[in-house]
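**Student:** Got a structure for you, query_4.pdb, holding PDB, C-alpha atoms and all ligand atoms.
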```pdb
ATOM      1  CA  MET A   1     -17.753  -2.928 -24.775
ATOM      2  CA  VAL A   2     -18.585  -3.223 -21.067
ATOM      3  CA  LYS A   3     -16.194  -1.289 -18.867
ATOM      4  CA  ASN A   4     -14.057  -3.160 -16.374
ATOM      5  CA  TYR A   5     -12.792  -0.678 -13.822
ATOM      6  CA  GLY A   6      -9.765  -0.939 -11.578
ATOM      7  CA  MET A   7      -7.534   1.279  -9.470
ATOM      8  CA  LEU A   8      -3.766   1.048  -9.101
ATOM      9  CA  ILE A   9      -2.076   2.736  -6.135
ATOM     10  CA  ASP A  10       1.632   3.527  -6.264
ATOM     11  CA  VAL A  11       2.736   3.696  -2.630
ATOM     12  CA  ASP A  12       6.142   5.128  -3.571
ATOM     13  CA  LYS A  13       4.397   8.204  -4.987
ATOM     14  CA  CYS A  14       2.103   8.838  -2.003
ATOM     15  CA  THR A  15       3.248  11.668   0.255
ATOM     16  CA  GLY A  16       0.423  11.317   2.759
ATOM     17  CA  CYS A  17      -1.033  14.728   1.905
ATOM     18  CA  TYR A  18      -4.638  13.535   2.484
ATOM     19  CA  ASN A  19      -5.932  15.374  -0.605
ATOM     20  CA  CYS A  20      -7.703  12.180  -1.707
ATOM     21  CA  PHE A  21      -9.433  11.833   1.650
ATOM     22  CA  LEU A  22     -10.482  15.493   1.581
ATOM     23  CA  ALA A  23     -11.772  15.241  -2.007
ATOM     24  CA  CYS A  24     -13.830  12.215  -0.949
ATOM     25  CA  ARG A  25     -15.236  14.174   1.992
ATOM     26  CA  ASP A  26     -15.979  17.124  -0.266
ATOM     27  CA  GLU A  27     -17.860  14.904  -2.697
ATOM     28  CA  HIS A  28     -19.825  12.802  -0.246
ATOM     29  CA  TYR A  29     -20.359  14.801   2.936
ATOM     30  CA  GLY A  30     -23.863  16.222   2.837
ATOM     31  CA  ASN A  31     -24.548  14.940  -0.699
ATOM     32  CA  ASP A  32     -26.982  12.158  -1.590
ATOM     33  CA  PHE A  33     -26.364  10.249  -4.820
ATOM     34  CA  SER A  34     -29.231   7.824  -4.577
ATOM     35  CA  PRO A  35     -29.486   4.990  -5.534
ATOM     36  CA  ILE A  36     -25.664   4.663  -5.370
ATOM     37  CA  SER A  37     -24.955   6.338  -2.016
ATOM     38  CA  LEU A  38     -26.365   8.651   0.598
ATOM     39  CA  ALA A  39     -24.436  11.444   2.293
ATOM     40  CA  GLN A  40     -21.518  10.685   4.607
ATOM     41  CA  PRO A  41     -22.006  11.816   8.200
ATOM     42  CA  PHE A  42     -19.910  14.716   9.547
ATOM     43  CA  THR A  43     -17.469  12.498  11.450
ATOM     44  CA  GLY A  44     -16.225   8.921  11.698
ATOM     45  CA  HIS A  45     -16.136   7.882   8.043
ATOM     46  CA  PHE A  46     -12.918   7.260   6.084
ATOM     47  CA  TRP A  47     -13.975   5.939   2.681
ATOM     48  CA  MET A  48     -10.388   6.633   1.660
ATOM     49  CA  GLN A  49      -8.017   5.871   4.532
ATOM     50  CA  ILE A  50      -4.321   6.704   4.628
ATOM     51  CA  ILE A  51      -2.458   4.043   6.575
ATOM     52  CA  GLU A  52       0.892   5.235   7.934
ATOM     53  CA  ARG A  53       3.519   2.514   8.068
ATOM     54  CA  GLU A  54       6.655   3.169  10.068
ATOM     55  CA  ARG A  55       9.540   0.757   9.556
ATOM     56  CA  GLY A  56      12.921   0.260  11.187
ATOM     57  CA  LYS A  57      14.221   1.965  14.275
ATOM     58  CA  TYR A  58      16.255   5.064  15.035
ATOM     59  CA  PRO A  59      18.421   6.179  13.274
ATOM     60  CA  LYS A  60      17.129   4.164  10.309
ATOM     61  CA  VAL A  61      13.400   4.859  10.155
ATOM     62  CA  LYS A  62      11.230   4.878   7.026
ATOM     63  CA  VAL A  63       7.643   6.036   6.738
ATOM     64  CA  SER A  64       5.255   5.031   3.964
ATOM     65  CA  PHE A  65       1.661   6.030   3.342
ATOM     66  CA  VAL A  66      -0.731   3.427   2.002
ATOM     67  CA  PRO A  67      -4.039   4.831   0.690
ATOM     68  CA  LYS A  68      -6.841   2.326   1.323
ATOM     69  CA  PRO A  69     -10.324   2.543  -0.196
ATOM     70  CA  CYS A  70     -12.774  -0.373  -0.625
ATOM     71  CA  MET A  71     -10.978  -2.950  -2.793
ATOM     72  CA  HIS A  72     -14.080  -3.627  -4.937
ATOM     73  CA  CYS A  73     -13.467  -7.354  -4.740
ATOM     74  CA  ASP A  74     -14.721  -9.713  -7.421
ATOM     75  CA  ASP A  75     -15.496 -12.254  -4.718
ATOM     76  CA  PRO A  76     -16.757  -9.954  -1.941
ATOM     77  CA  PRO A  77     -17.695 -11.452   1.437
ATOM     78  CA  CYS A  78     -19.634  -8.249   2.188
ATOM     79  CA  ALA A  79     -22.101  -9.165  -0.566
ATOM     80  CA  LYS A  80     -22.466 -12.664   0.834
ATOM     81  CA  ALA A  81     -23.146 -11.261   4.299
ATOM     82  CA  SER A  82     -25.855  -8.916   3.055
ATOM     83  CA  VAL A  83     -29.519  -9.862   2.946
ATOM     84  CA  ASN A  84     -31.777  -9.194  -0.030
ATOM     85  CA  GLN A  85     -28.774  -8.467  -2.306
ATOM     86  CA  ALA A  86     -28.175  -5.199  -0.499
ATOM     87  CA  ILE A  87     -24.562  -5.342  -1.753
ATOM     88  CA  TYR A  88     -24.003  -6.103  -5.395
ATOM     89  CA  GLN A  89     -21.286  -5.817  -8.029
ATOM     90  CA  ARG A  90     -22.123  -3.841 -11.143
ATOM     91  CA  PRO A  91     -21.159  -5.227 -14.577
ATOM     92  CA  ASP A  92     -18.282  -2.699 -14.606
ATOM     93  CA  GLY A  93     -16.892  -4.248 -11.397
ATOM     94  CA  ILE A  94     -17.802  -1.523  -8.876
ATOM     95  CA  VAL A  95     -19.221  -2.937  -5.628
ATOM     96  CA  ILE A  96     -22.174  -0.913  -4.311
ATOM     97  CA  ILE A  97     -24.079  -0.964  -1.021
ATOM     98  CA  ASP A  98     -27.716  -0.218  -1.837
ATOM     99  CA  PRO A  99     -28.672   2.505   0.661
ATOM    100  CA  GLU A 100     -32.321   1.401   0.838
ATOM    101  CA  LYS A 101     -31.915  -2.368   0.977
ATOM    102  CA  SER A 102     -29.016  -2.229   3.442
ATOM    103  CA  ALA A 103     -30.936  -0.323   6.139
ATOM    104  CA  GLY A 104     -30.424  -1.922   9.538
ATOM    105  CA  GLN A 105     -27.906  -4.519   8.243
ATOM    106  CA  LYS A 106     -25.163  -3.936  10.764
ATOM    107  CA  GLN A 107     -23.834  -7.494  10.292
ATOM    108  CA  ILE A 108     -22.264  -6.273   7.027
ATOM    109  CA  LEU A 109     -19.618  -4.254   8.912
ATOM    110  CA  SER A 110     -17.648  -7.236  10.207
ATOM    111  CA  SER A 111     -17.829  -9.160   6.913
ATOM    112  CA  CYS A 112     -15.071  -7.117   5.256
ATOM    113  CA  PRO A 113     -11.556  -8.209   6.274
ATOM    114  CA  HIS A 114     -10.219  -4.869   5.029
ATOM    115  CA  ARG A 115     -12.483  -3.003   7.484
ATOM    116  CA  VAL A 116     -13.519  -0.353   4.959
ATOM    117  CA  ILE A 117     -17.259  -0.292   5.710
ATOM    118  CA  PHE A 118     -18.565   2.372   8.126
ATOM    119  CA  TRP A 119     -21.864   2.631   9.946
ATOM    120  CA  ASN A 120     -24.023   5.719   9.484
ATOM    121  CA  GLU A 121     -25.866   5.966  12.788
ATOM    122  CA  GLU A 122     -28.250   8.674  11.695
ATOM    123  CA  LYS A 123     -29.340   6.905   8.509
ATOM    124  CA  ASN A 124     -28.998   3.387   9.984
ATOM    125  CA  ILE A 125     -27.004   2.125   6.970
ATOM    126  CA  PRO A 126     -23.499   0.747   6.178
ATOM    127  CA  GLN A 127     -21.448   2.903   3.785
ATOM    128  CA  LYS A 128     -18.159   2.757   1.865
ATOM    129  CA  CYS A 129     -16.269   3.978  -1.191
ATOM    130  CA  THR A 130     -18.274   3.790  -4.422
ATOM    131  CA  LEU A 131     -15.354   4.770  -6.684
ATOM    132  CA  CYS A 132     -17.610   7.797  -7.323
ATOM    133  CA  ALA A 133     -19.824   5.608  -9.521
ATOM    134  CA  HIS A 134     -22.342   8.468  -9.792
ATOM    135  CA  LEU A 135     -19.646  10.586 -11.505
ATOM    136  CA  ILE A 136     -18.330   7.760 -13.672
ATOM    137  CA  ASP A 137     -21.918   7.182 -14.870
ATOM    138  CA  ASP A 138     -22.020  10.887 -15.747
ATOM    139  CA  GLY A 139     -18.981  10.521 -17.966
ATOM    140  CA  TRP A 140     -16.195  11.410 -15.512
ATOM    141  CA  LYS A 141     -12.901   9.692 -16.307
ATOM    142  CA  GLU A 142     -11.944   9.109 -12.666
ATOM    143  CA  PRO A 143     -13.204   9.402  -9.067
ATOM    144  CA  ARG A 144     -12.614  12.599  -7.082
ATOM    145  CA  CYS A 145      -9.723  11.094  -5.055
ATOM    146  CA  VAL A 146      -7.785  10.222  -8.216
ATOM    147  CA  GLU A 147      -8.408  13.651  -9.686
ATOM    148  CA  ALA A 148      -7.215  15.336  -6.488
ATOM    149  CA  CYS A 149      -3.954  13.422  -6.051
ATOM    150  CA  PRO A 150      -1.084  15.827  -6.842
ATOM    151  CA  THR A 151       1.562  13.132  -7.278
ATOM    152  CA  GLY A 152      -0.209  10.665  -9.566
ATOM    153  CA  ALA A 153      -0.182   7.971  -6.873
ATOM    154  CA  LEU A 154      -3.729   6.937  -7.796
ATOM    155  CA  LEU A 155      -4.546   5.569 -11.228
ATOM    156  CA  PHE A 156      -8.063   4.626 -12.345
ATOM    157  CA  GLY A 157      -9.223   3.220 -15.631
ATOM    158  CA  ASP A 158     -10.774   0.567 -17.813
ATOM    159  CA  LEU A 159      -8.945  -2.743 -17.666
ATOM    160  CA  ASN A 160     -10.673  -3.801 -20.892
ATOM    161  CA  ASP A 161      -8.961  -0.982 -22.766
ATOM    162  CA  PRO A 162      -5.543  -2.303 -23.830
ATOM    163  CA  GLU A 163      -4.393   1.278 -24.478
ATOM    164  CA  SER A 164      -5.110   2.499 -20.932
ATOM    165  CA  GLU A 165      -2.162   3.092 -18.623
ATOM    166  CA  ILE A 166      -3.736   0.982 -15.923
ATOM    167  CA  SER A 167      -4.046  -2.018 -18.281
ATOM    168  CA  ARG A 168      -0.353  -1.821 -19.035
ATOM    169  CA  LEU A 169       0.619  -1.813 -15.370
ATOM    170  CA  TRP A 170      -2.120  -4.111 -14.025
ATOM    171  CA  THR A 171      -0.512  -7.351 -15.136
ATOM    172  CA  SER A 172       3.069  -6.363 -14.313
ATOM    173  CA  LYS A 173       4.814  -8.374 -11.628
ATOM    174  CA  LYS A 174       5.028  -5.269  -9.477
ATOM    175  CA  ALA A 175       1.222  -4.939  -9.096
ATOM    176  CA  GLU A 176      -0.088  -6.867  -6.118
ATOM    177  CA  ALA A 177      -3.022  -7.062  -3.728
ATOM    178  CA  LEU A 178      -2.720  -5.343  -0.365
ATOM    179  CA  HIS A 179      -3.678  -8.607   1.341
ATOM    180  CA  PRO A 180      -3.305 -11.478  -1.144
ATOM    181  CA  GLU A 181      -3.992 -13.931   1.684
ATOM    182  CA  PHE A 182      -7.667 -12.818   1.732
ATOM    183  CA  GLU A 183      -8.074 -14.179  -1.837
ATOM    184  CA  LEU A 184     -10.897 -11.758  -2.703
ATOM    185  CA  LYS A 185      -9.768 -10.801  -6.243
ATOM    186  CA  PRO A 186      -9.571  -7.068  -5.496
ATOM    187  CA  ARG A 187      -9.972  -4.428  -8.206
ATOM    188  CA  VAL A 188      -7.619  -2.169  -6.298
ATOM    189  CA  LYS A 189      -3.981  -3.193  -6.634
ATOM    190  CA  TYR A 190      -0.749  -1.689  -5.362
ATOM    191  CA  ILE A 191       2.780  -0.994  -6.495
ATOM    192  CA  GLY A 192       5.511  -0.494  -3.901
ATOM    193  CA  ILE A 193       3.858  -1.984  -0.811
ATOM    194  CA  PRO A 194       6.573  -1.631   1.838
ATOM    195  CA  LYS A 195       8.378  -4.878   2.597
ATOM    196  CA  ARG A 196      11.272  -5.668   4.931
ATOM    197  CA  PHE A 197      14.698  -4.041   4.690
ATOM    198  CA  VAL A 198      18.184  -4.880   5.946
ATOM    199  CA  ALA A 199      20.563  -1.949   6.360
ATOM    200  CA  GLY A 200      23.752  -0.908   8.114
ATOM    201  CA  THR A 201      26.804   1.330   8.014
ATOM    202  CA  LEU A 202      30.398   0.228   7.487
ATOM    203  CA  TYR A 203      33.191   2.042   9.245
ATOM    204  CA  LEU A 204      36.982   1.728   8.973
ATOM    205  CA  LYS A 205      38.080   1.624  12.567
ATOM    206  CA  ASP A 206      41.782   2.448  12.144
ATOM    207  CA  ARG A 207      41.168   5.335   9.720
ATOM    208  CA  ASP A 208      38.162   6.742  11.590
ATOM    209  CA  ALA A 209      36.383   6.948   8.214
ATOM    210  CA  CYS A 210      33.291   5.663   6.427
ATOM    211  CA  ALA A 211      33.899   2.594   4.252
ATOM    212  CA  GLU A 212      32.802   3.891   0.876
ATOM    213  CA  ASN A 213      32.262   1.471  -2.013
ATOM    214  CA  ALA A 214      32.504  -1.622   0.186
ATOM    215  CA  LYS A 215      30.909  -4.788  -1.210
ATOM    216  CA  VAL A 216      27.902  -6.092   0.694
ATOM    217  CA  THR A 217      26.246  -9.363  -0.289
ATOM    218  CA  LEU A 218      22.949 -10.682   1.005
ATOM    219  CA  THR A 219      22.086 -14.316   0.412
ATOM    220  CA  GLY A 220      18.689 -15.818   1.173
ATOM    221  CA  GLY A 221      15.068 -15.835   0.042
ATOM    222  CA  GLY A 222      16.188 -17.799  -3.017
ATOM    223  CA  LYS A 223      18.621 -15.197  -4.314
ATOM    224  CA  LYS A 224      21.949 -13.466  -3.882
ATOM    225  CA  GLN A 225      22.133  -9.674  -4.081
ATOM    226  CA  THR A 226      25.140  -7.377  -3.980
ATOM    227  CA  VAL A 227      25.282  -3.636  -3.324
ATOM    228  CA  ARG A 228      28.058  -1.097  -2.715
ATOM    229  CA  THR A 229      28.089   1.281   0.233
ATOM    230  CA  ASN A 230      27.655   4.999  -0.435
ATOM    231  CA  ASN A 231      30.081   7.693   0.705
ATOM    232  CA  PHE A 232      28.653   7.528   4.227
ATOM    233  CA  GLY A 233      29.359   3.791   4.324
ATOM    234  CA  ASP A 234      25.621   3.041   4.235
ATOM    235  CA  PHE A 235      24.069   0.031   2.523
ATOM    236  CA  GLU A 236      20.513  -1.165   2.208
ATOM    237  CA  PHE A 237      18.531  -4.063   0.759
ATOM    238  CA  GLU A 238      14.808  -3.399   0.227
ATOM    239  CA  ASP A 239      11.744  -5.456  -0.758
ATOM    240  CA  LEU A 240      12.760  -8.480   1.280
ATOM    241  CA  GLY A 241      10.293 -11.162   2.365
ATOM    242  CA  GLU A 242       8.930 -11.340   5.902
ATOM    243  CA  SER A 243      10.459 -13.717   8.457
ATOM    244  CA  GLU A 244      13.125 -15.031   6.109
ATOM    245  CA  ASP A 245      16.688 -16.000   7.040
ATOM    246  CA  PHE A 246      19.610 -14.299   5.327
ATOM    247  CA  THR A 247      23.385 -14.256   5.471
ATOM    248  CA  LEU A 248      25.038 -10.872   5.048
ATOM    249  CA  LYS A 249      28.697 -10.602   4.066
ATOM    250  CA  VAL A 250      30.705  -7.355   4.061
ATOM    251  CA  GLU A 251      34.027  -7.005   2.218
ATOM    252  CA  TYR A 252      36.488  -4.148   1.847
ATOM    253  CA  PRO A 253      39.996  -4.422   0.335
ATOM    254  CA  GLY A 254      42.668  -4.793   3.016
ATOM    255  CA  TYR A 255      40.113  -5.394   5.785
ATOM    256  CA  ALA A 256      38.833  -8.624   7.267
ATOM    257  CA  PRO A 257      35.474  -9.730   5.787
ATOM    258  CA  GLN A 258      32.587 -10.220   8.228
ATOM    259  CA  SER A 259      29.396 -12.307   8.037
ATOM    260  CA  PHE A 260      26.102 -11.952   9.905
ATOM    261  CA  LYS A 261      22.943 -14.009  10.175
ATOM    262  CA  VAL A 262      19.832 -11.837   9.917
ATOM    263  CA  GLN A 263      16.123 -12.625  10.142
ATOM    264  CA  THR A 264      13.440 -10.342   8.696
ATOM    265  CA  LYS A 265      10.668 -10.857  11.219
ATOM    266  CA  LEU A 266      11.128  -7.096  11.590
ATOM    267  CA  ASP A 267      13.192  -4.641   9.557
ATOM    268  CA  VAL A 268      16.873  -4.975  10.386
ATOM    269  CA  TYR A 269      19.292  -2.123  11.002
ATOM    270  CA  LEU A 270      22.669  -3.524  11.978
ATOM    271  CA  GLY A 271      24.018  -0.155  13.062
ATOM    272  CA  GLU A 272      27.694   0.675  12.697
ATOM    273  CA  ILE A 273      29.843  -2.270  11.662
ATOM    274  CA  LEU A 274      33.520  -1.670  12.429
ATOM    275  CA  LEU A 275      35.945  -3.131   9.899
ATOM    276  CA  LYS A 276      39.413  -4.126  11.066
ATOM    277  CA  ARG A 277      42.576  -4.463   9.021
ATOM    278  CA  SER A 278      43.186  -8.077   7.879
ATOM    279  CA  SER A 279      46.542  -7.927   9.639
ATOM    280  CA  GLU A 280      44.786  -7.249  12.992
ATOM    281  CA  ARG A 281      42.920 -10.572  12.932
TER
HETATM  282  S1  LIG B   1     -12.966  -4.496   0.312
HETATM  283 FE1  LIG B   1     -14.510  -5.148   1.786
HETATM  284  S2  LIG B   1     -16.269  -3.800   1.396
HETATM  285 FE2  LIG B   1     -14.949  -3.668  -0.390
HETATM  286  S3  LIG B   1     -15.791  -5.198  -1.818
HETATM  287 FE3  LIG B   1     -14.111  -6.178  -0.671
HETATM  288  S4  LIG B   1     -15.157  -7.175   1.038
HETATM  289 FE4  LIG B   1     -16.606  -5.681   0.199
HETATM  290  S1  LIG B   2      -3.826  12.537  -2.626
HETATM  291 FE1  LIG B   2      -2.273  11.145  -3.489
HETATM  292  S2  LIG B   2      -0.360  11.699  -2.435
HETATM  293 FE2  LIG B   2      -2.033  12.625  -1.244
HETATM  294  S3  LIG B   2      -2.505  11.070   0.338
HETATM  295 FE3  LIG B   2      -3.895  10.665  -1.384
HETATM  296  S4  LIG B   2      -2.838   9.117  -2.661
HETATM  297 FE4  LIG B   2      -1.296  10.036  -1.253
END
```
What is this structure when it is put down as structure tokens?
Ligand code: SF4
Ligand code: SF4
**Tutor:**
Amino acid sequence: MVKNYGMLIDVDKCTGCYNCFLACRDEHYGNDFSPISLAQPFTGHFWMQIIERERGKYPKVKVSFVPKPCMHCDDPPCAKASVNQAIYQRPDGIVIIDPEKSAGQKQILSSCPHRVIFWNEEKNIPQKCTLCAHLIDDGWKEPRCVEACPTGALLFGDLNDPESEISRLWTSKKAEALHPEFELKPRVKYIGIPKRFVAGTLYLKDRDACAENAKVTLTGGGKKQTVRTNNFGDFEFEDLGESEDFTLKVEYPGYAPQSFKVQTKLDVYLGEILLKRSSER
């Protein structure tokens, strides 16, 4: 059966160690794999990028690392922008820039909305991730980046094989495109893409103590969610939609409940919320 390759990236598992980037450099710098790819230049190429995403503000700051190779789209605008079929998709799904045919075709660079194509000045060609097709054709099970990842954040495999781990996860609700709005049918999907969060800390003013186990309810985005504060009085709601309106309600026995309107244009940290005794109202 024809292979049907895909890659699944679990952002929650990525520590930003750059091993995948270095493995890619090790494989492709100075090495020609014609007709699939020619050598990467010494500088300026990031066939596997690590995008650092910082969210929130002090003291509630979160950092995520989002590995980003070529998405190997099934409907790739880069191929449409190329002349003489210099970019083509193989039957197994891998999108390749032909190093000979693409010579001089600088217009290809701006065709990719993901900006994952790089220009090789010396060779006068556009270049990008090949999913190490030269190795896969030699019987390797996975590209060098996947092999090098110490945390298992990168998963590669045959989507036609129902027994493969990637097949099992590929159709789960959690797997999504990095930029679904581009509508390019990418063969690289993600789990755990950072979304918006709403967080805060509840404090019992009269007792000068954290409000542990307080009830916090967030309503909006079509659902109602409830969490309990931890022993520092902290609460957090993750995976919220962008630019949505929510109502947050905090409750603690014997203390007056409070409500807040929040909007997730950015991540929201409400800071310290002081709870007052009901009798003080
Ligand atoms: S991510 Fe960009 S370079 Fe890769 S196949 Fe899609 S359009 Fe082409
Ligand atoms: S090797 Fe794995 S953990 Fe390290 S940056 Fe790459 S994807 Fe993240």
**Student:** Do you have, as a tab-separated table, the list of residues of chain A lying at most 6 Å from ligand LIG 1 (chain B), each with its nearest atom pair and that distance in Å to one decimal, counting all atoms listed in the file and ordered by chain then number?
**Tutor:**
```
residue	atom	partner	partner_atom	distance
A:Cys70	CA	B:LIG1	FE2	4.0
A:Met71	CA	B:LIG1	S1	4.0
A:His72	CA	B:LIG1	S3	3.9
A:Cys73	CA	B:LIG1	FE3	4.3
A:Pro76	CA	B:LIG1	S4	4.4
A:Pro77	CA	B:LIG1	S4	5.0
A:Cys78	CA	B:LIG1	FE4	4.4
A:Val95	CA	B:LIG1	S3	5.6
A:Cys112	CA	B:LIG1	FE1	4.0
A:His114	CA	B:LIG1	FE1	5.4
A:Val116	CA	B:LIG1	S2	5.7
A:Ile117	CA	B:LIG1	S2	5.6
```
**Student:** Could you pull the residues within 12 Å of Lys128 in chain A, counting only C-alpha atoms, minus those fewer than 2 positions along the same chain, as number ranges by chain?
**Tutor:** A: 24-25, 28, 36-41, 44-49, 68-72, 78, 87, 94-99, 108-109, 112, 114-120, 125-126, 130-133
**Student:** Written as a list in words, what is the full residue list that the PyMOL selection byres (((not hetatm)) within 7 of (chain B and resi 2)) yields on the file shown?
**Tutor:** Lys13, Cys14, Thr15, Gly16, Cys17, Tyr18, Asn19, Cys20, Phe21, Ile50, Phe65, Pro67, Cys145, Ala148, Cys149, Pro150, Thr151, Gly152, Ala153 and Leu154 of chain A
**Student:** Report the distance between CA of Asn124 in chain A and CA of Lys106 in chain A in Å, rounded to one decimal place.
**Tutor:**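 Rounded to one decimal, the two atoms are 8.3 Å apart.
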**Student:** Quick one: which residues end up in the PyMOL selection byres (((chain A and resi 231-240) around 10) and not hetatm) for this structure, as a ChimeraX atom specification?
**Tutor:** /A:192-204,209-218,220-221,225-230,241-244,246,264,267-269,271-273
**Student:** Can you turn the PyMOL selection byres (((chain A and resi 142) around 10) and not hetatm) into a concrete residue list for this file, as a PyMOL selection string?
**Tutor:** chain A and resi 5+7+131-133+135-136+139-141+143-148+154-157
**Student:** Could those selected residues go to a file with C-alpha atoms, as a CSV table (one decimal), in the coordinates of the input?
**Tutor:**
```csv
chain,number,residue,atom,x,y,z
A,5,TYR,CA,-12.8,-0.7,-13.8
A,7,MET,CA,-7.5,1.3,-9.5
A,131,LEU,CA,-15.4,4.8,-6.7
A,132,CYS,CA,-17.6,7.8,-7.3
A,133,ALA,CA,-19.8,5.6,-9.5
A,135,LEU,CA,-19.6,10.6,-11.5
A,136,ILE,CA,-18.3,7.8,-13.7
A,139,GLY,CA,-19.0,10.5,-18.0
A,140,TRP,CA,-16.2,11.4,-15.5
A,141,LYS,CA,-12.9,9.7,-16.3
A,143,PRO,CA,-13.2,9.4,-9.1
A,144,ARG,CA,-12.6,12.6,-7.1
A,145,CYS,CA,-9.7,11.1,-5.1
A,146,VAL,CA,-7.8,10.2,-8.2
A,147,GLU,CA,-8.4,13.7,-9.7
A,148,ALA,CA,-7.2,15.3,-6.5
A,154,LEU,CA,-3.7,6.9,-7.8
A,155,LEU,CA,-4.5,5.6,-11.2
A,156,PHE,CA,-8.1,4.6,-12.3
A,157,GLY,CA,-9.2,3.2,-15.6
```
**Student:** Between A:Val66, A:Asp208, A:His134, A:Lys223, single out the one closest to Glu52 in chain A, counting only C-alpha atoms.
**Tutor:**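 Answer, going by the shortest atom-to-atom distance: A:Val66.
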**Student:** Which of these residues is nearest to Lys80 in chain A, using all atoms listed in the file: A:Ser34, A:Ser110, A:Val250, A:Asp92?
**Tutor:**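 Using all atoms listed in the file, the shortest distance to Lys80 in chain A belongs to A:Ser110.
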**Student:** Extending 3 Å beyond the listed atoms of range 182-201 of chain A on each side, what axis-aligned box results? I want centre and edge lengths in Å to one decimal, as AutoDock Vina command-line options.
**Tutor:**
```
--center_x 8.0 --center_y -6.4 --center_z 0.0 --size_x 43.7 --size_y 21.5 --size_z 22.3
```
**Student:** Can you work out which one of A:Ser64, A:Glu183, A:Pro35, A:Asp161 has the shortest atom-to-atom distance to Glu100 in chain A, counting only C-alpha atoms?
**Tutor:**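 Of all the options, A:Pro35 lies closest to Glu100 in chain A.
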**Student:** Any idea what the distance is between CA of Ser259 in chain A and CA of Val61 in chain A?
**Tutor:**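 Calculated distance between CA of Ser259 in chain A and CA of Val61 in chain A is 23.6 Å.
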**Student:** CA of Pro253 in chain A and CA of Ser279 in chain A are how many Å apart?
**Tutor:**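 Distance reported for this atom pair: 11.9 Å.
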**Student:** Report as a JSON list (two decimals) with C-alpha atoms, in the coordinates of the input all protein, DNA and RNA residues lying within 8 Å of Gly6 in chain A, evaluated on all atoms listed in the file, omitting residues in the same chain fewer than 3 positions from it.
**Tutor:**
```
[["chain", "number", "residue", "atom", "x", "y", "z"],
["A", 93, "GLY", "CA", -16.89, -4.25, -11.40],
["A", 156, "PHE", "CA", -8.06, 4.63, -12.34],
["A", 157, "GLY", "CA", -9.22, 3.22, -15.63],
["A", 158, "ASP", "CA", -10.77, 0.57, -17.81],
["A", 159, "LEU", "CA", -8.94, -2.74, -17.67],
["A", 166, "ILE", "CA", -3.74, 0.98, -15.92],
["A", 187, "ARG", "CA", -9.97, -4.43, -8.21],
["A", 188, "VAL", "CA", -7.62, -2.17, -6.30],
["A", 189, "LYS", "CA", -3.98, -3.19, -6.63]]
```
**Student:** Counting all atoms listed in the file, which of A:Arg90, A:Lys265, A:Lys205, A:Lys174 gets nearest to Leu8 in chain A?
**Tutor:**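 Nearest to Leu8 in chain A: A:Lys174.
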**Student:** Need a file for range 88-102 of chain A from that block: C-alpha atoms, written as a compact mmCIF listing (two decimals), in the first residue's frame.
**Tutor:**
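Output file decode-v7.txt follows:
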```
# COMPACT_ATOMS: atom_id res chain seq x y z
CA TYR A 88 5.66 18.77 -6.35
CA GLN A 89 3.99 16.45 -3.86
CA ARG A 90 5.10 12.83 -3.88
CA PRO A 91 2.49 10.05 -3.72
CA ASP A 92 3.45 9.58 -0.04
CA GLY A 93 2.49 13.22 0.67
CA ILE A 94 5.96 14.76 1.10
CA VAL A 95 6.31 18.12 -0.68
CA ILE A 96 9.67 18.52 -2.44
CA ILE A 97 11.41 21.48 -4.07
CA ASP A 98 13.32 20.13 -7.06
CA PRO A 99 16.80 21.65 -6.68
CA GLU A 100 17.43 21.77 -10.44
CA LYS A 101 14.07 23.01 -11.68
CA SER A 102 13.71 25.61 -8.92
```
